[in-house]
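Novice: Pasting my_file28.cif below, which is mmCIF, C-alpha atoms.
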```cif
data_input
#
loop_
_atom_site.label_atom_id
_atom_site.label_comp_id
_atom_site.auth_asym_id
_atom_site.auth_seq_id
_atom_site.Cartn_x
_atom_site.Cartn_y
_atom_site.Cartn_z
CA ASN A 1 -5.23 -9.54 -17.90
CA ALA A 2 -4.13 -5.96 -17.44
CA GLY A 3 -3.23 -4.84 -13.96
CA VAL A 4 -4.71 -1.93 -12.05
CA MET A 5 -4.48 1.11 -14.30
CA GLN A 6 -4.18 4.59 -12.90
CA ASN A 7 -4.09 7.80 -14.88
CA PRO A 8 -2.60 10.18 -15.19
CA ARG A 9 0.78 9.10 -13.84
CA HIS A 10 1.68 12.69 -13.12
CA LEU A 11 -0.67 15.61 -12.54
CA VAL A 12 0.23 19.23 -11.89
CA ARG A 13 -2.40 21.58 -10.57
CA ARG A 14 -2.32 25.17 -9.37
CA ARG A 15 -3.65 25.96 -5.92
CA GLY A 16 -7.43 26.21 -6.02
CA GLN A 17 -7.90 23.95 -9.05
CA GLU A 18 -9.56 20.56 -9.06
CA ALA A 19 -7.70 17.27 -9.42
CA ARG A 20 -9.34 14.11 -10.80
CA LEU A 21 -7.51 10.83 -10.42
CA ARG A 22 -8.74 7.72 -12.22
CA CYS A 23 -8.41 4.08 -11.36
CA SER A 24 -9.49 1.13 -13.49
CA PRO A 25 -9.44 -2.04 -11.38
CA MET A 26 -8.31 -5.40 -12.64
CA LYS A 27 -10.86 -7.33 -14.64
CA GLY A 28 -13.30 -9.07 -12.34
CA HIS A 29 -12.45 -6.89 -9.33
CA SER A 30 -15.30 -4.96 -7.79
CA HIS A 31 -13.50 -3.69 -4.67
CA VAL A 32 -11.36 -0.56 -4.90
CA TYR A 33 -9.17 1.13 -2.28
CA TRP A 34 -7.47 4.51 -2.41
CA TYR A 35 -4.30 5.34 -0.48
CA ARG A 36 -2.16 8.46 -0.18
CA GLN A 37 1.61 8.44 0.20
CA LEU A 38 3.26 11.59 1.47
CA PRO A 39 7.05 12.00 0.92
CA GLU A 40 9.13 9.72 3.16
CA GLU A 41 5.98 8.04 4.49
CA GLY A 42 4.12 4.78 4.06
CA LEU A 43 0.75 4.62 2.36
CA LYS A 44 -2.27 5.83 4.32
CA PHE A 45 -5.70 4.33 3.67
CA MET A 46 -8.30 6.82 2.47
CA VAL A 47 -11.42 5.10 1.18
CA TYR A 48 -12.85 1.72 0.23
CA LEU A 49 -15.52 1.38 -2.45
CA GLN A 50 -17.53 -1.36 -4.04
CA LYS A 51 -19.42 -0.79 -7.22
CA GLU A 52 -21.59 2.31 -6.72
CA ASN A 53 -21.09 2.28 -2.93
CA ILE A 54 -18.68 3.88 -0.50
CA ILE A 55 -18.08 1.27 2.20
CA ASP A 56 -15.47 2.98 4.36
CA GLU A 57 -14.24 6.56 4.01
CA SER A 58 -12.71 6.83 7.46
CA GLY A 59 -9.30 7.86 6.11
CA MET A 60 -10.50 10.54 3.74
CA PRO A 61 -10.50 14.22 4.73
CA LYS A 62 -14.04 15.45 5.27
CA GLU A 63 -13.65 18.50 3.09
CA ARG A 64 -12.60 18.84 -0.55
CA PHE A 65 -12.10 15.09 -1.10
CA SER A 66 -14.64 12.73 -2.64
CA ALA A 67 -14.56 9.33 -4.31
CA GLU A 68 -16.88 7.36 -6.53
CA PHE A 69 -16.95 4.02 -8.28
CA PRO A 70 -19.80 4.08 -10.80
CA LYS A 71 -21.47 1.06 -12.31
CA GLU A 72 -19.64 1.73 -15.57
CA GLY A 73 -16.19 3.24 -15.80
CA PRO A 74 -13.25 3.80 -13.50
CA SER A 75 -13.18 4.85 -9.89
CA ILE A 76 -12.51 8.56 -9.45
CA LEU A 77 -10.81 10.33 -6.58
CA ARG A 78 -11.64 14.01 -6.74
CA ILE A 79 -9.86 16.76 -4.85
CA GLN A 80 -11.42 20.19 -5.05
CA GLN A 81 -9.57 23.47 -4.44
CA VAL A 82 -6.22 21.75 -4.08
CA VAL A 83 -3.61 23.08 -1.65
CA ARG A 84 0.14 22.49 -1.46
CA GLY A 85 -0.37 19.88 1.27
CA ASP A 86 -2.30 17.70 -1.19
CA SER A 87 0.92 17.05 -3.10
CA ALA A 88 1.50 13.31 -2.77
CA ALA A 89 1.36 10.03 -4.62
CA TYR A 90 -2.13 8.55 -4.71
CA PHE A 91 -2.44 4.80 -5.12
CA CYS A 92 -5.40 2.68 -6.03
CA ALA A 93 -5.69 -1.02 -5.28
CA SER A 94 -8.34 -3.53 -6.31
CA SER A 95 -9.40 -6.98 -5.17
CA PRO A 96 -12.03 -9.55 -6.15
CA ASN A 97 -13.28 -9.76 -2.57
CA ARG A 98 -12.86 -7.72 0.56
CA HIS A 99 -9.13 -7.22 1.01
CA VAL A 100 -8.90 -8.84 4.40
CA ASN A 101 -9.65 -12.14 2.70
CA THR A 102 -7.63 -11.80 -0.46
CA GLU A 103 -4.71 -10.03 -2.06
CA ALA A 104 -5.21 -6.49 -3.29
CA PHE A 105 -3.25 -5.43 -6.39
CA PHE A 106 -1.88 -1.92 -6.61
CA GLY A 107 -1.63 0.46 -9.53
CA GLN A 108 1.48 2.54 -10.19
CA GLY A 109 0.02 5.60 -8.57
CA THR A 110 -0.63 9.18 -9.61
CA ARG A 111 1.85 11.77 -8.43
CA LEU A 112 0.00 15.00 -7.77
CA THR A 113 2.01 18.19 -7.55
CA VAL A 114 0.30 21.39 -6.47
CA VAL A 115 2.12 24.57 -7.46
CA ALA B 1 -5.91 1.57 16.49
CA GLN B 2 -3.24 -0.53 14.91
CA THR B 3 0.27 0.78 14.42
CA VAL B 4 3.19 -0.59 12.43
CA THR B 5 6.78 0.39 13.22
CA GLN B 6 9.82 -0.08 11.02
CA SER B 7 12.85 1.07 12.98
CA GLN B 8 15.41 0.95 10.17
CA PRO B 9 15.03 3.90 7.77
CA GLU B 10 17.83 2.61 5.55
CA MET B 11 19.98 -0.49 5.18
CA SER B 12 22.81 -1.32 2.83
CA VAL B 13 24.35 -4.74 2.16
CA GLN B 14 26.59 -6.33 -0.45
CA GLU B 15 25.14 -8.40 -3.23
CA ALA B 16 24.64 -12.08 -2.29
CA GLU B 17 24.49 -11.31 1.43
CA THR B 18 21.51 -12.03 3.64
CA VAL B 19 19.62 -9.10 5.13
CA THR B 20 16.83 -8.90 7.68
CA LEU B 21 14.34 -6.04 7.85
CA SER B 22 12.50 -5.55 11.12
CA CYS B 23 8.86 -4.72 11.75
CA THR B 24 6.83 -4.57 14.92
CA TYR B 25 3.13 -3.88 15.23
CA ASP B 26 0.60 -3.17 17.91
CA THR B 27 -2.91 -4.58 17.93
CA SER B 28 -5.46 -6.05 20.27
CA GLU B 29 -6.86 -8.26 17.52
CA ASN B 30 -6.29 -11.99 17.39
CA ASN B 31 -7.05 -12.53 13.71
CA TYR B 32 -5.14 -10.45 11.21
CA TYR B 33 -2.81 -10.54 8.24
CA LEU B 34 0.68 -9.15 7.81
CA PHE B 35 2.40 -8.22 4.57
CA TRP B 36 5.69 -7.07 3.16
CA TYR B 37 5.49 -4.87 0.08
CA LYS B 38 8.35 -3.80 -2.17
CA GLN B 39 8.31 -0.38 -3.83
CA PRO B 40 11.07 0.05 -6.43
CA PRO B 41 11.83 3.44 -8.03
CA SER B 42 8.95 2.85 -10.46
CA ARG B 43 6.66 3.32 -7.40
CA GLN B 44 4.74 0.13 -8.16
CA MET B 45 3.70 -1.58 -4.91
CA ILE B 46 4.56 -5.27 -5.22
CA LEU B 47 3.45 -7.85 -2.69
CA VAL B 48 6.48 -9.81 -1.49
CA ILE B 49 4.99 -12.08 1.14
CA ARG B 50 1.87 -12.50 3.26
CA GLN B 51 1.36 -14.11 6.67
CA GLU B 52 -1.89 -15.08 8.33
CA ALA B 53 -1.74 -14.64 12.09
CA TYR B 54 -3.48 -17.91 12.86
CA LYS B 55 -0.80 -19.85 10.99
CA GLN B 56 2.22 -20.61 13.12
CA GLN B 57 4.36 -21.64 10.17
CA ASN B 58 6.45 -18.80 8.78
CA ALA B 59 5.66 -17.86 5.18
CA THR B 60 8.34 -18.36 2.53
CA GLU B 61 8.55 -17.21 -1.10
CA ASN B 62 11.76 -18.27 -2.81
CA ARG B 63 14.55 -16.05 -1.37
CA PHE B 64 12.13 -14.23 0.93
CA SER B 65 11.03 -15.55 4.30
CA VAL B 66 9.55 -14.11 7.46
CA ASN B 67 10.10 -14.61 11.15
CA PHE B 68 6.66 -14.15 12.66
CA GLN B 69 6.64 -13.90 16.45
CA LYS B 70 3.00 -13.38 17.41
CA ALA B 71 3.53 -12.95 21.14
CA ALA B 72 6.23 -10.37 20.55
CA LYS B 73 4.22 -8.77 17.71
CA SER B 74 7.22 -8.95 15.45
CA PHE B 75 7.28 -9.68 11.72
CA SER B 76 10.75 -9.49 10.18
CA LEU B 77 11.63 -10.14 6.54
CA LYS B 78 14.74 -12.06 5.57
CA ILE B 79 16.13 -11.77 2.07
CA SER B 80 18.69 -14.43 1.19
CA ASP B 81 21.25 -14.19 -1.59
CA SER B 82 20.36 -10.54 -2.14
CA GLN B 83 20.35 -9.24 -5.71
CA LEU B 84 20.76 -5.76 -7.19
CA GLY B 85 17.10 -5.84 -8.20
CA ASP B 86 16.13 -6.09 -4.54
CA THR B 87 17.07 -2.43 -4.09
CA ALA B 88 13.80 -0.71 -3.14
CA MET B 89 11.70 0.63 -0.31
CA TYR B 90 10.17 -2.17 1.74
CA PHE B 91 6.96 -1.61 3.66
CA CYS B 92 5.48 -3.75 6.38
CA ALA B 93 1.66 -3.66 6.53
CA PHE B 94 -1.17 -4.98 8.68
CA ILE B 95 -4.88 -5.58 8.20
CA GLY B 96 -7.34 -6.98 10.69
CA GLY B 97 -10.07 -6.31 13.17
CA GLY B 98 -12.64 -5.52 10.53
CA ALA B 99 -10.58 -2.72 9.04
CA ASP B 100 -10.90 -2.21 5.31
CA GLY B 101 -7.50 -0.70 4.61
CA LEU B 102 -3.93 -1.70 5.22
CA THR B 103 -1.90 0.07 7.91
CA PHE B 104 1.64 0.63 6.65
CA GLY B 105 4.94 1.30 8.39
CA LYS B 106 7.14 4.16 7.20
CA GLY B 107 9.36 1.85 5.22
CA THR B 108 12.99 0.75 5.03
CA HIS B 109 15.12 1.82 2.09
CA LEU B 110 17.20 -1.24 1.18
CA ILE B 111 20.27 -0.72 -0.99
CA ILE B 112 22.09 -3.71 -2.46
CA GLN B 113 25.68 -2.80 -3.33
CA PRO B 114 27.47 -4.56 -6.20
#
```
Take the structure in the file and give it back as structure tokens.

Specialist:
Amino acid sequence: NAGVMQNPRHLVRRRGQEARLRCSPMKGHSHVYWYRQLPEEGLKFMVYLQKENIIDESGMPKERFSAEFPKEGPSILRIQQVVRGDSAAYFCASSPNRHVNTEAFFGQGTRLTVV
Amino acid sequence: AQTVTQSQPEMSVQEAETVTLSCTYDTSENNYYLFWYKQPPSRQMILVIRQEAYKQQNATENRFSVNFQKAAKSFSLKISDSQLGDTAMYFCAFIGGGADGLTFGKGTHLIIQP
């Protein structure tokens, strides 16, 4: 049973470009969470999705950021018109049920560098 | 809003020693969960131990144990017989009160010296 798969591991984008980060949850997991880790900081919750639905996006910036988890395929975190401040590691976690009731498993993250 | 505080940015101990990492949190909730995660240089977030607030017994996983003091809102991690592979960032985290995401502390960088 493969773990949570994130790709790419590293992504370099120029200012103004779009970044697409992918997350394939563990088999049987329908709950996905995205977190952002700035340098020297802990992870910050961004968004929680179940298949085809955004449940909680309270931690996601209102502009330029969006997330989806389609019926088929991985969850996507999309950042439009990236700026230097978007440089961070982005982590995805998945769980079979809502995380408060069960363990969430993390991927290895995508390190986004904006130049 | 919940907050998690880790007051030790970095700690260094000799191999085989015992080390305790501190964590305090602030919440008005009565039901919640606390976690310690390990993040080695590979960046993978690995769950070390989990504590449910309604359980008075401290959680233990092999060499890892916690000292959970609910009234003091303290959740420290003790690592016994430390090994070189324990070198990593350690994050304390909280979830509760209907929140969907974990709230993390800023982490403690633990270095095990040979």

Novice: Could you give me, as CSV, every chain A residue with an atom at most 10 Å from chain B, plus its closest atom pair and distance in Å to one decimal, counting all atoms listed in the file, rows ordered by chain then number?

Specialist:
```
residue,atom,partner,partner_atom,distance
A:Tyr33,CA,B:Gly101,CA,7.3
A:Trp34,CA,B:Gly101,CA,8.7
A:Tyr35,CA,B:Gly101,CA,8.5
A:Gln37,CA,B:Lys106,CA,9.9
A:Glu40,CA,B:Lys106,CA,7.2
A:Glu41,CA,B:Lys106,CA,4.9
A:Gly42,CA,B:Lys106,CA,4.4
A:Leu43,CA,B:Phe104,CA,5.9
A:Lys44,CA,B:Thr103,CA,6.8
A:Phe45,CA,B:Gly101,CA,5.4
A:Met46,CA,B:Gly101,CA,7.9
A:Val47,CA,B:Gly101,CA,7.8
A:Tyr48,CA,B:Asp100,CA,6.7
A:Leu49,CA,B:Asp100,CA,9.7
A:Ile55,CA,B:Asp100,CA,8.6
A:Asp56,CA,B:Asp100,CA,7.0
A:Glu57,CA,B:Asp100,CA,9.5
A:Ser58,CA,B:Asp100,CA,9.5
A:Gly59,CA,B:Gly101,CA,8.9
A:Ala89,CA,B:Arg43,CA,9.0
A:Phe91,CA,B:Met45,CA,8.9
A:Ala93,CA,B:Met45,CA,9.4
A:Arg98,CA,B:Asp100,CA,7.5
A:His99,CA,B:Asp100,CA,6.8
A:Val100,CA,B:Ile95,CA,6.4
A:Asn101,CA,B:Tyr33,CA,8.9
A:Glu103,CA,B:Leu47,CA,8.5
A:Ala104,CA,B:Leu47,CA,8.8
A:Phe105,CA,B:Ile46,CA,7.9
A:Phe106,CA,B:Met45,CA,5.8
A:Gly107,CA,B:Gln44,CA,6.5
A:Gln108,CA,B:Gln44,CA,4.5
A:Gly109,CA,B:Arg43,CA,7.1
A:Thr110,CA,B:Arg43,CA,9.6
A:Arg111,CA,B:Arg43,CA,9.8
```

Novice: Could you check the closest approach to B:Glu61 for each of B:Thr20, B:Ser28, B:Thr5, B:Ser80 and tell me which residue wins, using all atoms listed in the file?

Specialist: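 Distance minimum relative to B:Glu61 lands on B:Ser80.
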
Novice: For a test of reading the model, state the distance in Å between atom CA of B:Thr60 and atom CA of B:Val48, rounded to one decimal.

Specialist: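 Atom-to-atom, atom CA of B:Thr60 and atom CA of B:Val48 are spaced 9.6 Å apart.
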
Novice: Taking the file as shown, find all residues satisfying the PyMOL selection byres ((chain B and resi 25) around 7) and write them as a CSV table (one decimal) with C-alpha atoms, keeping the file's coordinate frame.

Specialist:
```csv
chain,number,residue,atom,x,y,z
B,3,THR,CA,0.3,0.8,14.4
B,4,VAL,CA,3.2,-0.6,12.4
B,5,THR,CA,6.8,0.4,13.2
B,23,CYS,CA,8.9,-4.7,11.8
B,24,THR,CA,6.8,-4.6,14.9
B,26,ASP,CA,0.6,-3.2,17.9
B,27,THR,CA,-2.9,-4.6,17.9
B,73,LYS,CA,4.2,-8.8,17.7
B,74,SER,CA,7.2,-9.0,15.4
```

Novice: Hey, what's within 9 Å of A:Ile79 if we count all atoms listed in the file and toss same-chain stuff fewer than 2 positions away? As a PyMOL selection string, please?

Specialist: chain A and resi 17-21+63-67+77+81-82+86

Novice: Applying 10 Å and all atoms listed in the file, which residues near A:Phe69 remain after dropping the ones on its own chain fewer than 5 positions away? List them as a ChimeraX atom specification.

Specialist: /A:22-24,30-32,48-54,74-77

Novice: Would you write out, as number ranges by chain, every residue that the PyMOL selection byres ((chain A and resi 12) around 6) captures in this file?

Specialist: A: 11, 13, 112-114
